[in-house]
>>> print(open('work.txt').read())   # compact mmCIF, C-alpha atoms
# COMPACT_ATOMS: atom_id res chain seq x y z
CA MET R 17 87.28 -88.68 44.33
CA ILE R 18 85.34 -86.51 46.75
CA ASP R 19 85.30 -87.61 50.36
CA GLU R 20 82.47 -87.94 52.88
CA ARG R 21 83.25 -84.59 54.50
CA GLU R 22 82.93 -82.84 51.14
CA VAL R 23 79.60 -84.56 50.48
CA ALA R 24 78.32 -83.27 53.82
CA GLU R 25 79.55 -79.75 52.99
CA LEU R 26 77.88 -79.84 49.57
CA LEU R 27 74.56 -80.94 51.05
CA ARG R 28 74.68 -78.16 53.63
CA ALA R 29 75.58 -75.62 50.92
CA ALA R 30 72.65 -76.85 48.82
CA THR R 31 70.14 -75.60 51.39
CA ASP R 32 72.05 -72.71 53.00
CA ASP R 33 70.05 -70.12 51.05
CA ILE R 34 66.66 -71.50 52.11
CA ALA R 35 64.96 -69.51 54.84
CA VAL R 36 62.74 -71.88 56.80
CA PRO R 37 59.97 -70.19 58.83
CA VAL R 38 59.70 -70.76 62.56
CA ALA R 39 58.36 -74.22 63.37
CA PRO R 40 54.58 -74.13 64.01
CA ALA R 41 55.07 -76.61 66.88
CA ARG R 42 51.93 -75.66 68.81
CA GLU R 43 49.68 -75.89 65.72
CA LEU R 44 51.20 -79.23 64.69
CA ALA R 45 50.67 -80.66 68.18
CA ALA R 46 47.05 -79.47 68.10
CA ALA R 47 46.50 -80.96 64.64
CA GLY R 48 48.18 -84.20 65.73
CA SER R 49 45.97 -84.36 68.79
CA ARG R 50 42.80 -83.91 66.69
CA ARG R 51 43.99 -86.59 64.27
CA ARG R 52 44.71 -88.96 67.16
CA ARG R 53 41.24 -88.41 68.67
CA ARG R 54 39.57 -89.00 65.31
CA ARG R 55 41.49 -92.25 64.82
CA LEU R 56 40.57 -93.48 68.30
CA VAL R 57 36.92 -92.65 67.71
CA ALA R 58 37.03 -94.23 64.25
CA ALA R 59 38.49 -97.43 65.68
CA GLY R 60 35.82 -97.53 68.38
CA LEU R 61 33.05 -96.96 65.88
CA ALA R 62 34.26 -99.46 63.29
CA THR R 63 32.29 -102.35 64.73
CA ALA R 64 29.17 -100.28 65.30
CA THR R 65 29.41 -98.99 61.72
CA ALA R 66 29.63 -102.50 60.33
CA VAL R 67 26.53 -103.51 62.28
CA ALA R 68 24.72 -100.34 61.18
CA ALA R 69 25.67 -100.98 57.56
CA VAL R 70 23.97 -104.36 57.68
CA ALA R 71 20.93 -102.82 59.36
CA VAL R 72 20.69 -100.17 56.61
CA THR R 73 21.56 -102.37 53.65
CA VAL R 74 18.81 -104.92 54.24
CA PRO R 75 15.83 -102.50 54.23
CA VAL R 76 17.37 -100.47 51.35
CA ALA R 77 17.67 -103.65 49.29
CA LEU R 78 14.11 -104.56 50.09
CA ASN R 79 12.84 -101.10 49.07
CA SER R 80 15.26 -100.38 46.21
CA GLY R 81 12.45 -99.81 43.72
CA SER R 82 11.21 -96.75 45.54
CA ALA R 83 14.50 -95.48 46.99
CA ASP R 84 15.00 -91.71 46.79
CA ARG R 85 18.35 -91.18 45.07
CA SER R 86 18.85 -87.70 46.46
CA SER R 87 18.95 -89.07 49.99
CA THR R 88 22.08 -91.11 49.21
CA ALA R 89 24.04 -88.32 47.47
CA THR R 90 27.44 -87.58 49.01
CA THR R 91 29.22 -84.26 49.37
CA PRO R 92 32.92 -83.50 50.06
CA GLY R 93 32.06 -82.53 53.63
CA ALA R 94 29.01 -81.66 55.64
CA SER R 95 29.80 -77.94 55.73
CA CYS R 96 31.92 -77.67 52.58
CA VAL R 97 29.80 -75.92 50.00
CA ASP R 98 30.74 -75.61 46.35
CA PRO R 99 30.04 -73.25 44.77
CA VAL R 100 29.82 -70.87 47.71
CA PRO R 101 26.69 -68.76 47.09
CA SER R 102 26.98 -64.98 46.64
CA ARG R 103 25.25 -63.08 49.41
CA VAL R 104 25.27 -59.55 50.75
CA LEU R 105 28.30 -59.26 53.01
CA PRO R 106 27.80 -58.65 56.73
CA GLU R 107 27.99 -54.95 57.53
CA TRP R 108 31.32 -55.32 59.32
CA ALA R 109 32.87 -56.99 56.26
CA ARG R 110 32.04 -54.28 53.70
CA THR R 111 35.04 -51.99 54.25
CA GLY R 112 36.68 -51.21 50.92
CA PHE R 113 33.67 -52.14 48.78
CA SER R 114 32.14 -49.22 46.82
CA ASP R 115 28.70 -50.87 46.61
CA PRO R 116 26.87 -50.21 49.92
CA HIS R 117 25.36 -53.72 49.74
CA PRO R 118 28.08 -55.78 48.07
CA ARG R 119 27.19 -59.36 47.10
CA MET R 120 30.14 -61.73 47.24
CA PRO R 121 30.64 -65.45 47.82
CA TYR R 122 31.82 -65.73 51.41
CA VAL R 123 32.09 -68.28 54.21
CA LEU R 124 31.41 -67.09 57.74
CA GLY R 125 33.41 -68.58 60.62
CA ASP R 126 31.53 -71.00 62.84
CA ASP R 127 31.64 -68.42 65.66
CA GLY R 128 30.92 -65.52 63.33
CA ALA R 129 34.23 -63.84 64.16
CA ILE R 130 35.71 -63.85 60.65
CA ALA R 131 34.60 -63.99 57.03
CA ALA R 132 36.49 -65.58 54.15
CA ILE R 133 35.48 -63.68 51.01
CA LEU R 134 36.30 -65.63 47.85
CA PHE R 135 37.50 -63.61 44.88
CA ALA R 136 37.62 -66.63 42.60
CA GLN R 137 35.69 -69.87 42.42
CA PRO R 138 36.21 -72.67 42.68
CA LEU R 139 39.19 -72.84 45.01
CA THR R 140 41.49 -75.40 43.44
CA ALA R 141 44.34 -77.67 44.47
CA PRO R 142 46.76 -77.55 42.78
CA PRO R 143 46.11 -73.90 41.85
CA SER R 144 44.29 -73.44 38.57
CA ALA R 145 46.17 -71.93 35.64
CA ASP R 146 43.47 -69.31 35.02
CA HIS R 147 42.78 -67.94 38.50
CA ASN R 148 44.35 -67.64 41.96
CA ASN R 149 42.93 -68.95 45.22
CA LYS R 150 42.46 -65.39 46.42
CA ILE R 151 40.70 -65.04 49.76
CA LEU R 152 40.04 -61.81 51.62
CA TRP R 153 39.91 -62.41 55.37
CA VAL R 154 37.86 -59.89 57.33
CA SER R 155 37.84 -59.95 61.12
CA ARG R 156 34.68 -58.86 62.90
CA VAL R 157 36.79 -57.11 65.53
CA GLU R 158 39.67 -54.78 64.71
CA ALA R 159 42.84 -56.86 64.46
CA ASP R 160 46.49 -56.14 63.90
CA SER R 161 47.94 -59.62 64.47
CA SER R 162 48.92 -62.09 61.77
CA LEU R 163 46.31 -64.68 60.88
CA HIS R 164 47.54 -68.23 61.54
CA ILE R 165 45.70 -70.91 59.60
CA THR R 166 45.89 -74.63 60.37
CA ALA R 167 44.14 -76.55 57.60
CA THR R 168 43.23 -80.22 58.03
CA LEU R 169 41.63 -82.44 55.41
CA GLN R 170 38.28 -83.68 56.64
CA ASP R 171 39.48 -87.28 56.88
CA GLY R 172 42.52 -86.15 58.86
CA SER R 173 44.95 -87.47 56.23
CA ALA R 174 46.77 -84.15 55.73
CA THR R 175 47.45 -80.99 57.70
CA THR R 176 49.23 -77.82 56.72
CA THR R 177 49.66 -74.30 58.05
CA ARG R 178 49.58 -70.89 56.40
CA VAL R 179 50.14 -67.40 57.74
CA VAL R 180 48.61 -64.15 56.50
CA ASP R 181 51.20 -61.63 57.66
CA GLY R 182 50.25 -58.53 59.59
CA ALA R 183 46.52 -59.04 60.01
CA PRO R 184 43.56 -60.78 58.36
CA GLY R 185 43.42 -59.36 54.81
CA PRO R 186 43.97 -60.32 51.19
CA SER R 187 45.78 -63.61 50.66
CA ILE R 188 46.43 -66.44 48.25
CA ILE R 189 45.75 -69.69 50.11
CA ASP R 190 46.98 -72.70 48.13
CA LEU R 191 46.50 -76.08 49.80
CA PRO R 192 48.27 -79.32 48.90
CA GLU R 193 45.38 -81.40 47.60
CA PRO R 194 41.70 -81.24 46.73
CA GLY R 195 39.08 -82.04 49.35
CA CYS R 196 37.10 -80.51 52.17
CA TRP R 197 39.53 -78.62 54.41
CA HIS R 198 38.75 -77.69 58.00
CA LEU R 199 40.51 -74.44 58.85
CA THR R 200 41.36 -73.38 62.40
CA LEU R 201 42.01 -69.64 62.40
CA LYS R 202 43.91 -67.72 65.07
CA TRP R 203 44.68 -64.01 65.09
CA GLY R 204 45.59 -62.13 68.25
CA ASP R 205 43.28 -63.38 70.98
CA ASN R 206 40.64 -64.50 68.48
CA THR R 207 39.93 -67.98 67.14
CA ASP R 208 37.36 -69.36 64.74
CA THR R 209 36.92 -72.29 62.39
CA LEU R 210 35.39 -72.80 58.96
CA ASP R 211 35.43 -75.32 56.11
CA LEU R 212 36.49 -74.66 52.52
CA ALA R 213 36.19 -76.99 49.53
CA TYR R 214 39.17 -77.20 47.18
CA LEU R 215 38.50 -78.94 43.89
CA ALA R 216 40.89 -80.51 41.40
CA PRO R 217 41.24 -78.03 38.50
CA MET G 5 49.95 -93.87 75.60
CA LYS G 6 49.25 -90.12 75.62
CA PRO G 7 51.96 -88.15 73.85
CA ASP G 8 54.21 -85.88 75.91
CA GLU G 9 53.32 -82.61 74.19
CA ASP G 10 56.21 -80.60 75.62
CA ASP G 11 58.67 -83.21 74.42
CA TYR G 12 57.01 -83.30 70.99
CA ARG G 13 57.07 -79.52 70.63
CA ALA G 14 60.71 -79.35 71.73
CA PHE G 15 61.57 -81.94 69.07
CA VAL G 16 59.63 -80.02 66.38
CA ASP G 17 61.32 -76.73 67.34
CA ALA G 18 64.74 -78.36 67.21
CA ARG G 19 64.34 -80.38 64.00
CA TYR G 20 61.82 -78.53 61.83
CA ALA G 21 64.26 -76.50 59.73
CA ARG G 22 66.53 -79.47 59.12
CA LEU G 23 63.59 -81.67 58.14
CA VAL G 24 62.33 -79.07 55.66
CA ARG G 25 65.79 -78.75 54.14
CA ALA G 26 66.07 -82.55 53.95
CA ALA G 27 62.72 -82.70 52.15
CA ILE G 28 64.04 -80.16 49.64
CA LEU G 29 67.12 -82.34 49.12
CA PHE G 30 64.73 -85.28 48.56
CA GLY G 31 63.45 -83.28 45.58
CA CYS G 32 60.48 -81.32 46.96
CA GLY G 33 59.82 -77.66 46.14
CA GLU G 34 60.08 -75.32 49.12
CA GLN G 35 56.32 -75.12 49.76
CA ASP G 36 55.83 -78.85 49.16
CA ALA G 37 58.72 -79.58 51.53
CA GLU G 38 57.04 -77.68 54.34
CA ASP G 39 53.73 -79.41 53.63
CA ALA G 40 55.41 -82.83 53.64
CA VAL G 41 57.24 -82.15 56.92
CA GLN G 42 54.13 -80.79 58.63
CA ASP G 43 52.11 -83.77 57.46
CA ALA G 44 54.79 -86.17 58.73
CA LEU G 45 55.03 -84.44 62.11
CA VAL G 46 51.24 -84.48 62.58
CA ARG G 47 51.20 -88.21 61.78
CA CYS G 48 54.03 -88.80 64.28
CA TYR G 49 52.20 -87.05 67.12
CA GLY G 50 49.82 -89.95 67.75
CA ALA G 51 52.70 -92.39 68.07
CA TRP G 52 54.94 -90.03 70.05
CA GLY G 53 54.82 -92.12 73.22
CA ARG G 54 56.07 -95.20 71.38
CA VAL G 55 58.54 -93.17 69.32
CA SER G 56 60.11 -91.61 72.40
CA ALA G 57 60.26 -94.94 74.22
CA ALA G 58 62.12 -96.48 71.27
CA ASP G 59 64.66 -93.66 71.56
CA ASP G 60 65.08 -93.47 67.78
CA ARG G 61 62.85 -90.55 67.01
CA ASP G 62 64.91 -89.21 64.11
CA ALA G 63 64.76 -92.48 62.21
CA TYR G 64 61.01 -92.76 62.83
CA VAL G 65 60.25 -89.22 61.69
CA TYR G 66 62.45 -89.53 58.59
CA ARG G 67 60.69 -92.81 57.73
CA VAL G 68 57.29 -91.12 57.92
CA LEU G 69 58.62 -88.18 55.89
CA VAL G 70 60.18 -90.33 53.14
CA ASN G 71 57.05 -92.49 52.89
CA GLY G 72 54.84 -89.39 52.72
CA ILE G 73 56.91 -87.84 49.94
CA THR G 74 56.85 -91.10 47.98
CA ARG G 75 53.08 -91.40 48.49
CA GLY G 76 52.59 -87.78 47.42
CA ARG G 77 54.56 -88.32 44.21
CA ARG G 78 52.42 -91.33 43.31
CA ARG G 79 49.25 -89.34 43.98
CA LYS G 80 50.24 -86.19 42.13
CA TRP G 81 51.70 -87.60 38.93
CA ARG G 82 48.64 -86.48 36.99
CA GLY G 83 49.22 -82.91 38.17
CA GLU G 84 52.13 -82.47 35.79
CA ILE G 85 51.39 -80.34 32.74
CA PRO G 86 53.40 -81.29 29.66
CA TYR G 87 54.62 -78.41 27.48
CA GLN G 88 55.60 -78.78 23.88
CA GLU G 89 58.29 -76.17 24.44
CA LEU G 90 59.93 -75.71 27.82
CA PRO G 91 59.14 -72.29 29.34
CA GLU G 92 62.82 -71.41 29.71
CA PRO G 93 63.97 -67.78 29.73
CA PRO G 94 66.15 -66.65 26.78
CA PRO G 95 69.93 -66.87 27.31
CA THR G 96 71.54 -63.79 28.82
CA ASP G 97 75.04 -62.55 29.61
CA ASP G 98 73.86 -60.97 32.82
CA PRO G 99 76.03 -62.45 35.62
CA ALA G 100 73.04 -62.16 37.94
CA ALA G 101 71.46 -64.97 35.94
CA THR G 102 74.23 -67.36 36.91
CA VAL G 103 72.79 -70.50 38.39
CA SER G 104 73.17 -70.42 42.14
CA LEU G 105 75.46 -72.72 44.03
CA SER G 106 72.64 -74.39 45.89
CA HIS G 107 70.58 -75.06 42.78
CA SER G 108 73.58 -76.59 41.02
CA ILE G 109 74.22 -78.98 43.88
CA ARG G 110 70.55 -79.94 44.06
CA ALA G 111 70.58 -80.59 40.32
CA SER G 112 73.58 -82.91 40.73
CA LEU G 113 71.78 -84.68 43.55
CA ALA G 114 68.66 -85.10 41.42
CA ARG G 115 70.75 -86.70 38.66
CA LEU G 116 71.77 -89.44 41.10
CA GLY G 117 68.27 -90.86 41.18
CA ARG G 118 65.95 -91.22 44.14
CA GLU G 119 67.47 -94.28 45.84
CA GLN G 120 71.04 -93.01 45.91
CA SER G 121 70.17 -89.42 46.79
CA GLN G 122 67.95 -90.56 49.68
CA VAL G 123 70.83 -92.51 51.18
CA LEU G 124 73.24 -89.58 50.78
CA VAL G 125 70.84 -87.09 52.36
CA LEU G 126 69.99 -89.38 55.28
CA ARG G 127 73.65 -90.24 55.90
CA TYR G 128 75.46 -86.95 55.34
CA PHE G 129 72.76 -84.32 55.94
CA ALA G 130 70.46 -85.95 58.51
CA ASP G 131 73.45 -87.67 60.16
CA LEU G 132 71.66 -91.00 60.54
CA THR G 133 73.70 -94.17 60.96
CA GLU G 134 73.69 -96.89 58.30
CA ALA G 135 71.51 -99.04 60.57
CA GLN G 136 68.99 -96.21 61.00
CA ILE G 137 68.91 -95.57 57.24
CA ALA G 138 68.28 -99.27 56.66
CA THR G 139 65.26 -98.99 58.97
CA VAL G 140 64.02 -95.77 57.35
CA LEU G 141 64.19 -97.14 53.80
CA GLY G 142 63.40 -100.77 54.60
CA ILE G 143 66.61 -102.09 53.02
CA ALA G 144 69.62 -104.04 54.26
CA PRO G 145 72.52 -102.14 55.90
CA GLY G 146 74.81 -103.51 53.19
CA THR G 147 72.58 -101.95 50.54
CA VAL G 148 72.85 -98.60 52.32
CA LYS G 149 76.63 -98.85 52.20
CA SER G 150 76.75 -99.81 48.53
CA ARG G 151 74.25 -97.12 47.45
CA ALA G 152 76.23 -94.48 49.35
CA SER G 153 79.51 -95.47 47.80
CA ARG G 154 78.02 -95.62 44.28
CA ALA G 155 76.45 -92.19 44.84
CA ILE G 156 79.76 -90.68 45.98
CA ALA G 157 81.53 -92.24 42.99
CA THR G 158 78.93 -90.72 40.64
CA LEU G 159 79.22 -87.30 42.27
CA SER G 160 83.00 -87.51 41.95
CA GLU G 161 82.61 -87.88 38.19
CA ASP G 162 80.19 -84.95 37.99
CA THR G 163 82.40 -82.26 36.48
CA SER G 164 79.99 -79.50 37.44
CA LEU G 165 80.71 -80.27 41.09
CA SER G 166 84.51 -79.92 40.95
CA ASP G 167 84.23 -76.15 40.74
CA LEU G 168 81.48 -76.05 43.35
CA ILE G 169 83.59 -77.98 45.83
CA ALA G 170 86.38 -75.45 45.36
CA ARG G 171 83.87 -72.63 45.92
CA THR G 172 82.51 -74.16 49.12
CA HIS G 173 86.08 -74.40 50.39
CA GLU G 174 86.71 -70.74 49.49
CA GLU G 175 83.52 -69.60 51.19
CA LYS G 176 84.48 -71.21 54.49
>>> encode(input="work.txt", output="structure tokens")
Amino acid sequence: MIDEREVAELLRAATDDIAVPVAPARELAAAGSRRRRRRLVAAGLATATAVAAVAVTVPVALNSGSADRSSTATTPGASCVDPVPSRVLPEWARTGFSDPHPRMPYVLGDDGAIAAILFAQPLTAPPSADHNNKILWVSRVEADSSLHITATLQDGSATTTRVVDGAPGPSIIDLPEPGCWHLTLKWGDNTDTLDLAYLAP
Amino acid sequence: MKPDEDDYRAFVDARYARLVRAAILFGCGEQDAEDAVQDALVRCYGAWGRVSAADDRDAYVYRVLVNGITRGRRRKWRGEIPYQELPEPPPTDDPAATVSLSHSIRASLARLGREQSQVLVLRYFADLTEAQIATVLGIAPGTVKSRASRAIATLSEDTSLSDLIARTHEEK
């Protein structure tokens, strides 16, 4: 019969070979703070939303015969676009491309400081069997600091972090579940945000 | 109550690695374990004032973590891809292919089943008391005790562990 001390030793030995990265404490606190604010706002708006729903439902019901269906369509997130359209890359993001005017699907950061160039579409969670979630990150300014990504699902129900070592560059960014993800990006002294849609494969 | 961010960050710095390892012992893959822990810690931030006041932060965080992992398993069951033949590598005599110590122990833990392995990990890896584990899992303290003792009895009969226990003693 093994004793309690041996059980504790076995459990420690079972994870001794696992290298856990440094805790992203600052990013988690920031994500937790955003989630807390959203929940407070959501709670405050709940009553107003209920009243607004009644105000909208009554006229829609009265005019249902002529309602425009396109106006009620929903999308994963206001700024999550799928598929991301191919466009000519900004001049500062063309390094490494042989075509002088390369057309690629890309998402520009909200402040225009970084571009996420998608090498496969759609991005999928979990990763698709036939292509990777390969993203090339290009910084507008020269950068030699690792890119820290904090990704939060639009409804705030999940947050995760990823790091692109060294500097913004080629990466495989797998996220835990499908949805519209809001990414906060930090590299050196630079920050930017953008949204990416991940679909179920 | 506004969370004390310094206190929260100090807790995360101190406990992060152990929480990730605990999530792996709960049966998560390494990447999923990190995701689960990060998700749990973000959820805990909003309640940090209450959590700190209750002075039982470990139990609270483990409860959020265990619930999150359970919820994730329910949500992702359709993500599993069945194979007619398992994609196992062919047998080899290469000693480098020997199954590692840690994987063997985790396999033994997985054979215990979720309820018993959770109690073992919380008691002997996370160092929670029986009362704290009862709170984390929402069961009676007596159930914690009986699950732990059944789990230890099962591990004692696991012949693959006898050798491993000897090896852990040798490595000390």
>>> closest_residue(input="work.txt", among="R:Glu158, R:Gly48, R:Ser187, R:Arg54", to="R:Asp171", atoms="all atoms listed in the file")
R:Arg54
>>> closest_atom_pairs(input="work.txt", of="chain G", to="chain R", cutoff="9 Å", atoms="all atoms listed in the file", output="tab-separated table")
residue	atom	partner	partner_atom	distance
G:Pro7	CA	R:Ser49	CA	8.7
G:Glu9	CA	R:Ala45	CA	6.9
G:Tyr12	CA	R:Ala45	CA	7.4
G:Arg13	CA	R:Ala41	CA	5.2
G:Ala14	CA	R:Ala41	CA	7.9
G:Phe15	CA	R:Ala41	CA	8.7
G:Val16	CA	R:Ala41	CA	5.7
G:Asp17	CA	R:Ala39	CA	5.6
G:Ala18	CA	R:Ala39	CA	8.5
G:Arg19	CA	R:Ala39	CA	8.6
G:Tyr20	CA	R:Ala39	CA	5.7
G:Ala21	CA	R:Val36	CA	5.7
G:Arg22	CA	R:Val36	CA	8.8
G:Val24	CA	R:Val36	CA	7.3
G:Arg25	CA	R:Thr31	CA	6.0
G:Ala26	CA	R:Thr31	CA	8.5
G:Ile28	CA	R:Thr31	CA	7.8
G:Leu29	CA	R:Thr31	CA	7.7
G:Glu34	CA	R:Ile34	CA	8.2
G:Asp36	CA	R:Pro192	CA	7.6
G:Glu38	CA	R:Thr176	CA	8.2
G:Asp39	CA	R:Thr176	CA	5.7
G:Ala40	CA	R:Thr176	CA	8.5
G:Gln42	CA	R:Thr176	CA	6.0
G:Asp43	CA	R:Thr175	CA	5.4
G:Ala44	CA	R:Ala174	CA	8.8
G:Leu45	CA	R:Leu44	CA	7.0
G:Val46	CA	R:Gly48	CA	4.4
G:Arg47	CA	R:Gly48	CA	6.4
G:Cys48	CA	R:Gly48	CA	7.6
G:Tyr49	CA	R:Gly48	CA	5.1
G:Gly50	CA	R:Arg52	CA	5.2
G:Ala51	CA	R:Arg52	CA	8.7
G:Lys80	CA	R:Glu193	CA	8.7
G:Gly83	CA	R:Pro142	CA	7.5
G:Leu105	CA	R:Ala30	CA	6.9
G:Ser106	CA	R:Ala30	CA	3.8
G:His107	CA	R:Ala30	CA	6.6
G:Ser108	CA	R:Ala30	CA	7.9
G:Ile109	CA	R:Ala30	CA	5.6
G:Arg110	CA	R:Ala30	CA	6.1
G:Leu113	CA	R:Leu27	CA	8.8
G:Leu124	CA	R:Val23	CA	8.1
G:Val125	CA	R:Leu27	CA	7.3
G:Arg127	CA	R:Ala24	CA	8.6
G:Tyr128	CA	R:Ala24	CA	4.9
G:Phe129	CA	R:Ala24	CA	6.0
G:Ile156	CA	R:Ile18	CA	7.0
G:Ala157	CA	R:Met17	CA	6.9
G:Leu159	CA	R:Ile18	CA	7.6
G:Ser160	CA	R:Met17	CA	5.0
G:Glu161	CA	R:Met17	CA	7.8
G:Leu165	CA	R:Leu26	CA	9.0
G:Ser166	CA	R:Ile18	CA	8.8
G:Leu168	CA	R:Leu26	CA	8.1
G:Ile169	CA	R:Leu26	CA	7.1
G:Thr172	CA	R:Ala29	CA	7.3
G:His173	CA	R:Glu25	CA	8.8
>>> residues_around(input="work.txt", residues="R:Lys202", least_positions_apart="5", cutoff="10 Å", atoms="only C-alpha atoms", output="list in words")
Ser161, Ser162, Leu163, His164, Ile165, Thr166, Val179, Pro184, Thr207, Asp208 and Thr209 of chain R
>>> residues_around(input="work.txt", residues="R:Gly185", least_positions_apart="4", cutoff="9 Å", atoms="only C-alpha atoms", output="number ranges by chain")
R: 151-155, 163, 180-181
>>> write_last_selection(input="work.txt", atoms="C-alpha atoms", output="PDB file, in the coordinates of the input")
ATOM      1  CA  ILE R 151      40.700 -65.040  49.760  1.00  0.00           C
ATOM      2  CA  LEU R 152      40.040 -61.810  51.620  1.00  0.00           C
ATOM      3  CA  TRP R 153      39.910 -62.410  55.370  1.00  0.00           C
ATOM      4  CA  VAL R 154      37.860 -59.890  57.330  1.00  0.00           C
ATOM      5  CA  SER R 155      37.840 -59.950  61.120  1.00  0.00           C
ATOM      6  CA  LEU R 163      46.310 -64.680  60.880  1.00  0.00           C
ATOM      7  CA  VAL R 180      48.610 -64.150  56.500  1.00  0.00           C
ATOM      8  CA  ASP R 181      51.200 -61.630  57.660  1.00  0.00           C
TER       9      ASP R 181
END
>>> residues_near_point(input="work.txt", point="(33.5, -67.6, 65.1)", cutoff="10 Å", atoms="only C-alpha atoms", output="list of chain:residue names")
R:Leu124, R:Gly125, R:Asp126, R:Asp127, R:Gly128, R:Ala129, R:Ile130, R:Ala131, R:Ser155, R:Arg156, R:Leu201, R:Asn206, R:Thr207, R:Asp208, R:Thr209, R:Leu210
>>> residues_around(input="work.txt", residues="G:Val140", least_positions_apart="5", cutoff="12 Å", atoms="only C-alpha atoms", output="PyMOL selection string")
chain G and resi 60-71+122-123+126-127+130+132-135+145+148
>>> atom_distance(input="work.txt", atom1="atom CA of R:Trp108", atom2="atom CA of R:Leu169")
29.3 Å
>>> closest_residue(input="work.txt", among="R:Asp205, R:Leu212, R:Phe113, R:Ile189", to="R:Asp160", atoms="all atoms listed in the file")
R:Asp205
>>> atom_distance(input="work.txt", atom1="atom CA of G:Ala144", atom2="atom CA of G:Leu116")
19.8 Å
>>> atom_distance(input="work.txt", atom1="atom CA of R:Pro118", atom2="atom CA of R:Ala183")
22.2 Å
>>> axis_aligned_box(input="work.txt", around="stretch 142-148 of chain G", padding_each_side="5 Å", output="AutoDock Vina command-line options")
--center_x 69.1 --center_y -101.3 --center_z 53.2 --size_x 21.4 --size_y 15.4 --size_z 15.4
>>> residues_around(input="work.txt", residues="R:Pro99", least_positions_apart="3", cutoff="10 Å", atoms="only C-alpha atoms", output="MDAnalysis selection string")
chainID R and resid 96 102 121 137:139 213
>>> closest_residue(input="work.txt", among="R:Ala167, R:Val100, R:Ile188, R:Val157", to="R:Val123", atoms="all atoms listed in the file")
R:Val100
